[in-house]
Structures are given as C-alpha cells and as structure tokens.
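Colleague: Sharing structure.pdb, PDB, C-alpha atoms and all ligand atoms:
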ATOM      1  CA  MET A 112      32.742 -78.062-120.724  1.00  0.00           C
ATOM      2  CA  LEU A 113      29.298 -77.188-119.372  1.00  0.00           C
ATOM      3  CA  ASP A 114      26.431 -76.584-121.781  1.00  0.00           C
ATOM      4  CA  ALA A 115      22.866 -75.259-121.460  1.00  0.00           C
ATOM      5  CA  ASP A 116      21.601 -78.765-120.662  1.00  0.00           C
ATOM      6  CA  PHE A 117      23.955 -78.994-117.705  1.00  0.00           C
ATOM      7  CA  PHE A 118      22.528 -75.772-116.264  1.00  0.00           C
ATOM      8  CA  ARG A 119      18.983 -76.934-116.967  1.00  0.00           C
ATOM      9  CA  ARG A 120      19.729 -80.168-115.080  1.00  0.00           C
ATOM     10  CA  TRP A 121      21.176 -78.069-112.239  1.00  0.00           C
ATOM     11  CA  MET A 122      17.918 -76.160-111.916  1.00  0.00           C
ATOM     12  CA  THR A 123      15.812 -79.337-112.218  1.00  0.00           C
ATOM     13  CA  ALA A 124      17.898 -81.141-109.578  1.00  0.00           C
ATOM     14  CA  THR A 125      17.558 -78.151-107.251  1.00  0.00           C
ATOM     15  CA  ALA A 126      13.809 -78.010-107.837  1.00  0.00           C
ATOM     16  CA  ALA A 127      13.566 -81.723-106.970  1.00  0.00           C
ATOM     17  CA  SER A 128      15.518 -81.339-103.733  1.00  0.00           C
ATOM     18  CA  VAL A 129      13.426 -78.295-102.787  1.00  0.00           C
ATOM     19  CA  GLU A 130      10.324 -80.495-103.289  1.00  0.00           C
ATOM     20  CA  ARG A 131      11.868 -83.134-101.000  1.00  0.00           C
ATOM     21  CA  GLU A 132      13.142 -80.714 -98.354  1.00  0.00           C
ATOM     22  CA  ALA A 133      10.495 -77.953 -98.360  1.00  0.00           C
ATOM     23  CA  GLU A 134       8.998 -79.032 -95.076  1.00  0.00           C
ATOM     24  CA  ARG A 135      12.390 -79.102 -93.359  1.00  0.00           C
ATOM     25  CA  LEU A 136      13.251 -75.643 -94.756  1.00  0.00           C
ATOM     26  CA  THR A 137       9.996 -74.245 -93.432  1.00  0.00           C
ATOM     27  CA  ASP A 138      10.584 -75.945 -90.054  1.00  0.00           C
ATOM     28  CA  LEU A 139      14.026 -74.315 -89.846  1.00  0.00           C
ATOM     29  CA  ASP A 140      12.436 -70.944 -90.678  1.00  0.00           C
ATOM     30  CA  SER A 141       9.908 -71.354 -87.881  1.00  0.00           C
ATOM     31  CA  PRO A 142      11.979 -70.642 -84.711  1.00  0.00           C
ATOM     32  CA  ILE A 143      14.069 -67.835 -86.275  1.00  0.00           C
ATOM     33  CA  GLY A 144      11.804 -66.597 -89.078  1.00  0.00           C
ATOM     34  CA  ASP A 145       8.243 -66.679 -90.360  1.00  0.00           C
ATOM     35  CA  ALA A 146       7.985 -70.342 -91.412  1.00  0.00           C
ATOM     36  CA  ASP A 147       7.764 -69.765 -95.153  1.00  0.00           C
ATOM     37  CA  HIS A 148      11.206 -70.557 -96.572  1.00  0.00           C
ATOM     38  CA  GLY A 149      10.193 -73.966 -97.924  1.00  0.00           C
ATOM     39  CA  SER A 150       6.986 -72.714 -99.485  1.00  0.00           C
ATOM     40  CA  ASN A 151       8.770 -69.664-100.925  1.00  0.00           C
ATOM     41  CA  LEU A 152      11.351 -71.814-102.690  1.00  0.00           C
ATOM     42  CA  LEU A 153       8.783 -74.415-103.724  1.00  0.00           C
ATOM     43  CA  ARG A 154       6.802 -71.733-105.528  1.00  0.00           C
ATOM     44  CA  GLY A 155       9.969 -70.241-107.024  1.00  0.00           C
ATOM     45  CA  PHE A 156      11.588 -73.435-108.305  1.00  0.00           C
ATOM     46  CA  ARG A 157       8.336 -74.836-109.661  1.00  0.00           C
ATOM     47  CA  ALA A 158       8.062 -71.646-111.689  1.00  0.00           C
ATOM     48  CA  VAL A 159      11.704 -71.947-112.771  1.00  0.00           C
ATOM     49  CA  THR A 160      11.145 -75.510-114.011  1.00  0.00           C
ATOM     50  CA  ALA A 161       8.049 -74.422-115.917  1.00  0.00           C
ATOM     51  CA  VAL A 162       9.606 -71.401-117.603  1.00  0.00           C
ATOM     52  CA  LEU A 163      12.740 -73.329-118.618  1.00  0.00           C
ATOM     53  CA  GLU A 164      10.539 -75.935-120.294  1.00  0.00           C
ATOM     54  CA  LYS A 165       8.456 -73.316-122.021  1.00  0.00           C
ATOM     55  CA  GLU A 166      11.201 -71.008-123.276  1.00  0.00           C
ATOM     56  CA  ALA A 167      14.038 -73.548-123.694  1.00  0.00           C
ATOM     57  CA  PRO A 168      16.953 -71.073-123.529  1.00  0.00           C
ATOM     58  CA  ASP A 169      19.947 -72.465-125.418  1.00  0.00           C
ATOM     59  CA  THR A 170      22.986 -71.022-123.653  1.00  0.00           C
ATOM     60  CA  PRO A 171      24.227 -71.441-120.049  1.00  0.00           C
ATOM     61  CA  GLY A 172      23.948 -67.696-119.470  1.00  0.00           C
ATOM     62  CA  ALA A 173      20.380 -67.568-120.763  1.00  0.00           C
ATOM     63  CA  VAL A 174      19.286 -70.523-118.607  1.00  0.00           C
ATOM     64  CA  LEU A 175      20.528 -68.878-115.422  1.00  0.00           C
ATOM     65  CA  THR A 176      19.341 -65.344-116.169  1.00  0.00           C
ATOM     66  CA  LEU A 177      15.859 -66.652-116.994  1.00  0.00           C
ATOM     67  CA  ALA A 178      15.784 -68.770-113.830  1.00  0.00           C
ATOM     68  CA  GLY A 179      16.928 -65.790-111.759  1.00  0.00           C
ATOM     69  CA  ARG A 180      14.323 -63.487-113.240  1.00  0.00           C
ATOM     70  CA  GLN A 181      11.647 -66.058-112.501  1.00  0.00           C
ATOM     71  CA  LEU A 182      12.701 -66.382-108.852  1.00  0.00           C
ATOM     72  CA  ILE A 183      12.612 -62.608-108.419  1.00  0.00           C
ATOM     73  CA  SER A 184       9.117 -62.369-109.863  1.00  0.00           C
ATOM     74  CA  THR A 185       7.565 -65.350-108.045  1.00  0.00           C
ATOM     75  CA  VAL A 186       9.148 -65.397-104.562  1.00  0.00           C
ATOM     76  CA  GLY A 187       7.889 -62.739-102.199  1.00  0.00           C
ATOM     77  CA  GLY A 188      10.353 -63.293 -99.344  1.00  0.00           C
ATOM     78  CA  ALA A 189      13.917 -62.047 -98.977  1.00  0.00           C
ATOM     79  CA  SER A 190      15.237 -65.244-100.526  1.00  0.00           C
ATOM     80  CA  GLY A 191      13.597 -64.561-103.927  1.00  0.00           C
ATOM     81  CA  PRO A 192      15.513 -61.400-104.838  1.00  0.00           C
ATOM     82  CA  LEU A 193      18.680 -62.837-103.262  1.00  0.00           C
ATOM     83  CA  TYR A 194      18.644 -66.191-105.118  1.00  0.00           C
ATOM     84  CA  GLY A 195      17.319 -64.399-108.194  1.00  0.00           C
ATOM     85  CA  THR A 196      20.266 -62.016-108.118  1.00  0.00           C
ATOM     86  CA  LEU A 197      22.664 -64.914-107.588  1.00  0.00           C
ATOM     87  CA  LEU A 198      21.469 -66.727-110.710  1.00  0.00           C
ATOM     88  CA  ARG A 199      20.979 -63.626-112.843  1.00  0.00           C
ATOM     89  CA  ARG A 200      24.406 -62.214-112.081  1.00  0.00           C
ATOM     90  CA  THR A 201      26.061 -65.606-112.552  1.00  0.00           C
ATOM     91  CA  GLY A 202      24.249 -65.997-115.871  1.00  0.00           C
ATOM     92  CA  LYS A 203      25.272 -62.544-117.005  1.00  0.00           C
ATOM     93  CA  ALA A 204      28.906 -63.330-116.200  1.00  0.00           C
ATOM     94  CA  LEU A 205      28.688 -66.478-118.376  1.00  0.00           C
ATOM     95  CA  GLY A 206      27.897 -64.335-121.414  1.00  0.00           C
ATOM     96  CA  GLU A 207      26.453 -65.848-124.580  1.00  0.00           C
ATOM     97  CA  ASP A 208      28.761 -68.820-125.126  1.00  0.00           C
ATOM     98  CA  ALA A 209      27.159 -72.202-125.884  1.00  0.00           C
ATOM     99  CA  GLU A 210      29.576 -73.955-123.510  1.00  0.00           C
ATOM    100  CA  VAL A 211      31.624 -72.694-120.572  1.00  0.00           C
ATOM    101  CA  SER A 212      34.564 -74.213-118.698  1.00  0.00           C
ATOM    102  CA  GLU A 213      34.329 -75.106-115.016  1.00  0.00           C
ATOM    103  CA  ASP A 214      36.838 -72.341-114.243  1.00  0.00           C
ATOM    104  CA  ARG A 215      34.700 -69.812-116.035  1.00  0.00           C
ATOM    105  CA  PHE A 216      31.672 -71.022-114.100  1.00  0.00           C
ATOM    106  CA  THR A 217      33.572 -70.701-110.800  1.00  0.00           C
ATOM    107  CA  GLU A 218      34.407 -67.075-111.548  1.00  0.00           C
ATOM    108  CA  ALA A 219      30.832 -66.373-112.671  1.00  0.00           C
ATOM    109  CA  LEU A 220      29.390 -67.883-109.493  1.00  0.00           C
ATOM    110  CA  ARG A 221      31.825 -65.785-107.471  1.00  0.00           C
ATOM    111  CA  ALA A 222      30.450 -62.686-109.207  1.00  0.00           C
ATOM    112  CA  GLY A 223      26.940 -63.909-108.383  1.00  0.00           C
ATOM    113  CA  VAL A 224      27.746 -64.409-104.705  1.00  0.00           C
ATOM    114  CA  ASP A 225      29.398 -60.973-104.576  1.00  0.00           C
ATOM    115  CA  ALA A 226      26.195 -59.481-105.998  1.00  0.00           C
ATOM    116  CA  VAL A 227      24.138 -61.190-103.266  1.00  0.00           C
ATOM    117  CA  MET A 228      26.459 -59.712-100.626  1.00  0.00           C
ATOM    118  CA  ALA A 229      26.150 -56.268-102.213  1.00  0.00           C
ATOM    119  CA  LEU A 230      22.345 -56.507-102.371  1.00  0.00           C
ATOM    120  CA  GLY A 231      21.730 -57.935 -98.903  1.00  0.00           C
ATOM    121  CA  GLY A 232      24.721 -56.477 -97.081  1.00  0.00           C
ATOM    122  CA  ALA A 233      25.565 -59.812 -95.455  1.00  0.00           C
ATOM    123  CA  ALA A 234      29.139 -60.980 -94.922  1.00  0.00           C
ATOM    124  CA  PRO A 235      30.367 -64.457 -93.953  1.00  0.00           C
ATOM    125  CA  GLY A 236      29.464 -65.160 -90.323  1.00  0.00           C
ATOM    126  CA  ASP A 237      26.174 -63.222 -90.396  1.00  0.00           C
ATOM    127  CA  LYS A 238      24.173 -66.495 -90.419  1.00  0.00           C
ATOM    128  CA  THR A 239      22.733 -66.320 -93.920  1.00  0.00           C
ATOM    129  CA  MET A 240      22.916 -68.187 -97.244  1.00  0.00           C
ATOM    130  CA  ILE A 241      26.298 -66.467 -97.701  1.00  0.00           C
ATOM    131  CA  ASP A 242      27.771 -68.852 -95.107  1.00  0.00           C
ATOM    132  CA  ALA A 243      27.125 -71.770 -97.474  1.00  0.00           C
ATOM    133  CA  LEU A 244      27.752 -69.957-100.776  1.00  0.00           C
ATOM    134  CA  VAL A 245      31.188 -68.451-100.062  1.00  0.00           C
ATOM    135  CA  PRO A 246      32.816 -71.749 -98.966  1.00  0.00           C
ATOM    136  CA  ALA A 247      31.165 -73.453-101.941  1.00  0.00           C
ATOM    137  CA  VAL A 248      32.732 -71.040-104.422  1.00  0.00           C
ATOM    138  CA  ASP A 249      36.084 -71.360-102.649  1.00  0.00           C
ATOM    139  CA  ALA A 250      35.925 -75.171-102.995  1.00  0.00           C
ATOM    140  CA  LEU A 251      34.589 -75.254-106.553  1.00  0.00           C
ATOM    141  CA  GLY A 252      38.100 -75.500-108.006  1.00  0.00           C
ATOM    142  CA  ASP A 253      38.255 -78.955-106.389  1.00  0.00           C
ATOM    143  CA  GLY A 254      35.064 -80.082-108.141  1.00  0.00           C
ATOM    144  CA  PHE A 255      31.304 -80.138-107.639  1.00  0.00           C
ATOM    145  CA  VAL A 256      31.362 -82.786-104.912  1.00  0.00           C
ATOM    146  CA  ALA A 257      33.859 -80.750-102.876  1.00  0.00           C
ATOM    147  CA  ALA A 258      31.731 -77.626-103.343  1.00  0.00           C
ATOM    148  CA  GLY A 259      28.648 -79.496-102.133  1.00  0.00           C
ATOM    149  CA  ALA A 260      30.470 -80.718 -99.027  1.00  0.00           C
ATOM    150  CA  ALA A 261      31.796 -77.219 -98.280  1.00  0.00           C
ATOM    151  CA  ALA A 262      28.317 -75.715 -98.617  1.00  0.00           C
ATOM    152  CA  GLU A 263      26.830 -78.360 -96.333  1.00  0.00           C
ATOM    153  CA  GLU A 264      29.555 -77.750 -93.761  1.00  0.00           C
ATOM    154  CA  GLY A 265      28.947 -73.997 -94.010  1.00  0.00           C
ATOM    155  CA  ALA A 266      25.224 -74.484 -93.453  1.00  0.00           C
ATOM    156  CA  LEU A 267      25.807 -76.655 -90.368  1.00  0.00           C
ATOM    157  CA  ALA A 268      28.261 -74.072 -89.019  1.00  0.00           C
ATOM    158  CA  THR A 269      25.506 -71.401 -88.916  1.00  0.00           C
ATOM    159  CA  THR A 270      23.883 -73.049 -85.873  1.00  0.00           C
ATOM    160  CA  PRO A 271      26.038 -71.414 -83.150  1.00  0.00           C
ATOM    161  CA  LEU A 272      26.053 -68.025 -84.909  1.00  0.00           C
ATOM    162  CA  GLN A 273      23.943 -64.997 -84.015  1.00  0.00           C
ATOM    163  CA  ALA A 274      22.053 -63.651 -87.031  1.00  0.00           C
ATOM    164  CA  ARG A 275      23.047 -60.181 -88.163  1.00  0.00           C
ATOM    165  CA  LYS A 276      20.935 -59.955 -91.336  1.00  0.00           C
ATOM    166  CA  GLY A 277      17.380 -60.806 -92.303  1.00  0.00           C
ATOM    167  CA  ARG A 278      14.405 -61.622 -90.113  1.00  0.00           C
ATOM    168  CA  ALA A 279      16.417 -63.858 -87.753  1.00  0.00           C
ATOM    169  CA  SER A 280      18.511 -60.834 -86.714  1.00  0.00           C
ATOM    170  CA  TYR A 281      15.430 -59.357 -84.990  1.00  0.00           C
ATOM    171  CA  LEU A 282      15.807 -62.160 -82.410  1.00  0.00           C
ATOM    172  CA  GLY A 283      19.307 -61.093 -81.371  1.00  0.00           C
ATOM    173  CA  GLU A 284      20.919 -63.728 -79.174  1.00  0.00           C
ATOM    174  CA  ARG A 285      17.835 -65.928 -79.389  1.00  0.00           C
ATOM    175  CA  SER A 286      18.813 -66.721 -82.995  1.00  0.00           C
ATOM    176  CA  ILE A 287      21.777 -68.712 -81.621  1.00  0.00           C
ATOM    177  CA  GLY A 288      21.375 -72.493 -81.661  1.00  0.00           C
ATOM    178  CA  HIS A 289      19.303 -72.775 -84.852  1.00  0.00           C
ATOM    179  CA  GLN A 290      20.537 -73.678 -88.325  1.00  0.00           C
ATOM    180  CA  ASP A 291      19.859 -70.953 -90.884  1.00  0.00           C
ATOM    181  CA  PRO A 292      17.187 -71.968 -93.420  1.00  0.00           C
ATOM    182  CA  GLY A 293      18.730 -69.982 -96.286  1.00  0.00           C
ATOM    183  CA  ALA A 294      22.180 -71.491 -95.728  1.00  0.00           C
ATOM    184  CA  THR A 295      20.468 -74.896 -95.741  1.00  0.00           C
ATOM    185  CA  SER A 296      18.719 -74.259 -99.060  1.00  0.00           C
ATOM    186  CA  ALA A 297      21.942 -72.815-100.508  1.00  0.00           C
ATOM    187  CA  ALA A 298      23.602 -76.149 -99.707  1.00  0.00           C
ATOM    188  CA  LEU A 299      20.817 -77.905-101.645  1.00  0.00           C
ATOM    189  CA  LEU A 300      21.427 -75.599-104.609  1.00  0.00           C
ATOM    190  CA  ILE A 301      25.165 -76.348-104.608  1.00  0.00           C
ATOM    191  CA  ALA A 302      24.563 -80.092-104.152  1.00  0.00           C
ATOM    192  CA  GLY A 303      22.529 -79.912-107.356  1.00  0.00           C
ATOM    193  CA  LEU A 304      25.726 -79.270-109.346  1.00  0.00           C
ATOM    194  CA  ALA A 305      27.110 -82.747-108.667  1.00  0.00           C
ATOM    195  CA  GLU A 306      23.713 -84.230-109.473  1.00  0.00           C
ATOM    196  CA  ALA A 307      23.581 -82.357-112.781  1.00  0.00           C
ATOM    197  CA  ASP A 308      27.106 -83.537-113.530  1.00  0.00           C
ATOM    198  CA  GLY A 309      26.389 -87.176-112.747  1.00  0.00           C
ATOM    199  CA  GLU A 310      23.376 -87.522-115.022  1.00  0.00           C
TER     200      GLU A 310
HETATM  201  P1  LIG A 401      11.813 -64.076 -95.465  1.00  0.00           P
HETATM  202  O1  LIG A 401      12.852 -63.909 -94.378  1.00  0.00           O
HETATM  203  O2  LIG A 401      11.502 -62.817 -96.168  1.00  0.00           O
HETATM  204  O3  LIG A 401      10.593 -64.821 -94.995  1.00  0.00           O
HETATM  205  P2  LIG A 401      12.834 -66.538 -96.583  1.00  0.00           P
HETATM  206  O4  LIG A 401      12.285 -67.190 -95.361  1.00  0.00           O
HETATM  207  O5  LIG A 401      12.445 -67.128 -97.882  1.00  0.00           O
HETATM  208  O6  LIG A 401      12.521 -64.990 -96.596  1.00  0.00           O
HETATM  209  O7  LIG A 401      14.428 -66.585 -96.531  1.00  0.00           O
HETATM  210  C1  LIG A 401      15.131 -66.412 -95.343  1.00  0.00           C
HETATM  211  C2  LIG A 401      16.615 -66.642 -95.605  1.00  0.00           C
HETATM  212  O8  LIG A 401      17.119 -65.623 -96.451  1.00  0.00           O
HETATM  213  C3  LIG A 401      17.469 -66.571 -94.348  1.00  0.00           C
HETATM  214  O9  LIG A 401      17.550 -67.820 -93.720  1.00  0.00           O
HETATM  215  C4  LIG A 401      18.823 -66.103 -94.857  1.00  0.00           C
HETATM  216  O10 LIG A 401      19.673 -67.192 -95.199  1.00  0.00           O
HETATM  217  C5  LIG A 401      18.480 -65.373 -96.131  1.00  0.00           C
HETATM  218  N1  LIG A 401      18.646 -63.937 -95.963  1.00  0.00           N
HETATM  219  C6  LIG A 401      17.808 -63.065 -95.367  1.00  0.00           C
HETATM  220  N2  LIG A 401      18.301 -61.815 -95.407  1.00  0.00           N
HETATM  221  C7  LIG A 401      19.496 -61.907 -96.047  1.00  0.00           C
HETATM  222  C8  LIG A 401      20.519 -60.954 -96.424  1.00  0.00           C
HETATM  223  N3  LIG A 401      20.389 -59.657 -96.151  1.00  0.00           N
HETATM  224  N4  LIG A 401      21.600 -61.417 -97.084  1.00  0.00           N
HETATM  225  C9  LIG A 401      21.731 -62.734 -97.380  1.00  0.00           C
HETATM  226  N5  LIG A 401      20.820 -63.662 -97.061  1.00  0.00           N
HETATM  227  C10 LIG A 401      19.727 -63.260 -96.395  1.00  0.00           C
HETATM  228 MG    MG A 402      10.830 -66.679 -94.041  1.00  0.00          MG
HETATM  229 MG    MG A 403       8.558 -64.361 -95.348  1.00  0.00          MG
END
Have the structure of the file written as structure tokens, please.
Ligand code: ADP
Ligand code: MG
Ligand code: MG
Modeller:
Amino acid sequence: MLDADFFRRWMTATAASVEREAERLTDLDSPIGDADHGSNLLRGFRAVTAVLEKEAPDTPGAVLTLAGRQLISTVGGASGPLYGTLLRRTGKALGEDAEVSEDRFTEALRAGVDAVMALGGAAPGDKTMIDALVPAVDALGDGFVAAGAAAEEGALATTPLQARKGRASYLGERSIGHQDPGATSAALLIAGLAEADGE
C-alpha cells in the first residue's frame, strides 16, 4: 500500500531530479521552444517541496492535489497547467483514503493523463509529455521500475517525431530530430516513483 509519505517522497525525488537536470531540460527546449522548460520546472517543484513541508497534507490524494495546485500557480509556461492538472486529477481520483493500492494508483494516474490530453488536446505521437506518460501508465502494472523504463523509452522515441502541439509545433518539420523537453521531464517524474519506493 502507498501512503502520504510515499507520495511526498515521489514529489521530493522529482524535485531533486529537476534540480539535477534543469539545465538539460532548458537545453532541449532551446532548439524547439523558448529555452525555459528547466527553469519553469525548477520554480514549480521548489514551490511544491516548500508547500508540502509547510502544509503537511496527510493523505495521498491531498499531497497530489496540493502539489498540482502549486504547479499551476507558480509555473507560467504550458507545462505548469499540464503537470498541475496531471497531479490534481490523479490526486482527486485517489480520494481521501490514508493508503491506496498500486492498482488504484495506476487507475488514478490514467485519469490524470486523460485529463492532460483533454486539456492540451495532444494524443500519443504528437511529440509531447504524453509520449512518455501514456507508456508509463500502460507499464505501471509491471511495477515502478518498468514504468520508468517505458517513460524513458517514450521520451527517446519523440526525437524523430514532428511536433503537433505546443510551441515546437510552430516549427513544423524543423521540430524533427530533437527530443521533446516535456517528454524528458515526464520521464524524470515517473522515474521518481521507483526512487520513492526504494527509500
Ligand atoms: P512553454 O512551451 O510554454 O515554454 P515549457 O517549455 O515549460 O512551456 O513546456 C514545454 C513542454 O510542454 C513541451 O515539450 C511539451 O512536452 C509540453 N506541451 C506543450 N504543449 C502541450 C500540449 N498541448 N499537450 C501536452 N503537452 C504539451
Ligand atoms: Mg518553453
Ligand atoms: Mg515558455
């Protein structure tokens, strides 16, 4: 079973990998975006860490809805509302239970990813964070490590794609040949699950 501390560790692990990888995320956002993805997420996840410490929510659902709200209010770019919606919707689907099963979490995350697709209009293959998130949810039944590997593979597979959503889509065919920054950060987020589990 997964408790509030597990979800807090998930957010902390993600914040730590965003700190480590911010420069790379911004570099990826430079040829096909506006070179701010790393700094956007750095600001967002620092704020998430701070608010979770301050308010200490005590259920899985409350941890994720608070984190999502914080991302929406602190990240100006497209990724803020999208990641914010992902976490808020996932948190809402977890309800008010003190502990949730991994199966319940898988279904909640699926609802979260569906909400991101509804908000942003992206489908798999459009070269966005969705290309890492959908395979991750599909693999989650096989465990957190499998989900992390699937997300990483999905992120790498965005390179040959032409972007059809977000800023990168303005480049048309010139978006081909670059890895999507949002799919890359989504893989970091999913990798954080195994880290939270191992601690
Ligand atoms: P901005 O493009 O506003 O500067 P960021 O650089 O923080 O925002 O985030 C860019 C990332 O957001 C992209 O790499 C892509 O993965 C994701 N993204 C952009 N638009 C969408 C969308 N409509 N649906 C899903 N993901 C999207
Ligand atoms: Mg950007
Ligand atoms: Mg921007």
Colleague: Can you build me a table of chain A residues sitting at most 8 Å from ligand MG 403 (chain A), with the closest atom pair per residue and its distance in Å to one decimal, using all atoms listed in the file, sorted by chain and residue number, as a tab-separated table?
Modeller:
residue	atom	partner	partner_atom	distance
A:Gly144	CA	A:MG403	MG	7.4
A:Asp145	CA	A:MG403	MG	5.5
A:Ala146	CA	A:MG403	MG	7.2
A:Asp147	CA	A:MG403	MG	5.5
A:His148	CA	A:MG403	MG	6.8
A:Asn151	CA	A:MG403	MG	7.7
A:Gly187	CA	A:MG403	MG	7.1
A:Gly188	CA	A:MG403	MG	4.5
A:Ala189	CA	A:MG403	MG	6.9
Colleague: Find the axis-aligned box for range 221-240 of chain A, covering all its listed atoms and adding 8 Å on each side, and write its centre and edge lengths in Å to one decimal as lines of an AutoDock Vina configuration file.
Modeller:
center_x = 26.8
center_y = -62.2
center_z = -99.8
size_x = 26.1
size_y = 27.9
size_z = 34.9
Colleague: Once you count all atoms listed in the file, which residues end up within 8 Å of ligand LIG 401 (chain A), and could you hand them over as a short mmCIF file (atom, residue, chain, number, x, y, z; two decimals) with C-alpha atoms, in the coordinates of the input?
Modeller:
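Once everything was written out, this is out_23.cif:
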data_model
loop_
_atom_site.label_atom_id
_atom_site.label_comp_id
_atom_site.auth_asym_id
_atom_site.auth_seq_id
_atom_site.Cartn_x
_atom_site.Cartn_y
_atom_site.Cartn_z
CA THR A 137 10.00 -74.24 -93.43
CA ASP A 140 12.44 -70.94 -90.68
CA GLY A 144 11.80 -66.60 -89.08
CA ASP A 145 8.24 -66.68 -90.36
CA ALA A 146 7.98 -70.34 -91.41
CA ASP A 147 7.76 -69.76 -95.15
CA HIS A 148 11.21 -70.56 -96.57
CA GLY A 149 10.19 -73.97 -97.92
CA SER A 150 6.99 -72.71 -99.48
CA ASN A 151 8.77 -69.66 -100.92
CA LEU A 152 11.35 -71.81 -102.69
CA VAL A 186 9.15 -65.40 -104.56
CA GLY A 187 7.89 -62.74 -102.20
CA GLY A 188 10.35 -63.29 -99.34
CA ALA A 189 13.92 -62.05 -98.98
CA SER A 190 15.24 -65.24 -100.53
CA GLY A 191 13.60 -64.56 -103.93
CA LEU A 193 18.68 -62.84 -103.26
CA VAL A 227 24.14 -61.19 -103.27
CA MET A 228 26.46 -59.71 -100.63
CA LEU A 230 22.34 -56.51 -102.37
CA GLY A 231 21.73 -57.94 -98.90
CA GLY A 232 24.72 -56.48 -97.08
CA ALA A 233 25.56 -59.81 -95.46
CA ALA A 234 29.14 -60.98 -94.92
CA LYS A 238 24.17 -66.50 -90.42
CA THR A 239 22.73 -66.32 -93.92
CA MET A 240 22.92 -68.19 -97.24
CA ILE A 241 26.30 -66.47 -97.70
CA LYS A 276 20.94 -59.96 -91.34
CA GLY A 277 17.38 -60.81 -92.30
CA ARG A 278 14.40 -61.62 -90.11
CA ALA A 279 16.42 -63.86 -87.75
CA ASP A 291 19.86 -70.95 -90.88
CA PRO A 292 17.19 -71.97 -93.42
CA GLY A 293 18.73 -69.98 -96.29
CA ALA A 294 22.18 -71.49 -95.73
CA THR A 295 20.47 -74.90 -95.74
#
Colleague: Could you tell me, as a count of residues only, exactly which residues end up selected when the PyMOL selection byres (((chain A and resi 212) around 12) and not hetatm) is applied to this structure?
Modeller: 18
Colleague: Please evaluate the PyMOL selection byres (((chain A and resi 308) around 12) and not hetatm) against the structure above and give the resulting residues as a list in words.
Modeller: Met112, Leu113, Asp114, Asp116, Phe117, Phe118, Arg119, Arg120, Trp121, Met122, Ala124, Glu213, Gly254, Phe255, Val256, Ile301, Ala302, Gly303, Leu304, Ala305, Glu306, Ala307, Gly309 and Glu310 of chain A
Colleague: Distance CA of Val162 in chain A-CA of Arg135 in chain A, one decimal place?
Modeller: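 CA of Arg135 in chain A lies at a distance of 25.6 Å from CA of Val162 in chain A.
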Colleague: From the set A:Val129, A:Ala115, A:Leu163, A:Ile143, which residue has the shortest atom-to-atom contact distance to ligand MG 402 (chain A), counting all atoms listed in the file?
Modeller: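 Result for the nearest residue to ligand MG 402 (chain A): A:Ile143.
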Colleague: Run through the PyMOL selection byres (((chain A and resi 196) around 12) and not hetatm) on the given coordinates and return the selected residues as a PyMOL selection string.
Modeller: chain A and resi 175-184+189-195+197-204+220+222-231
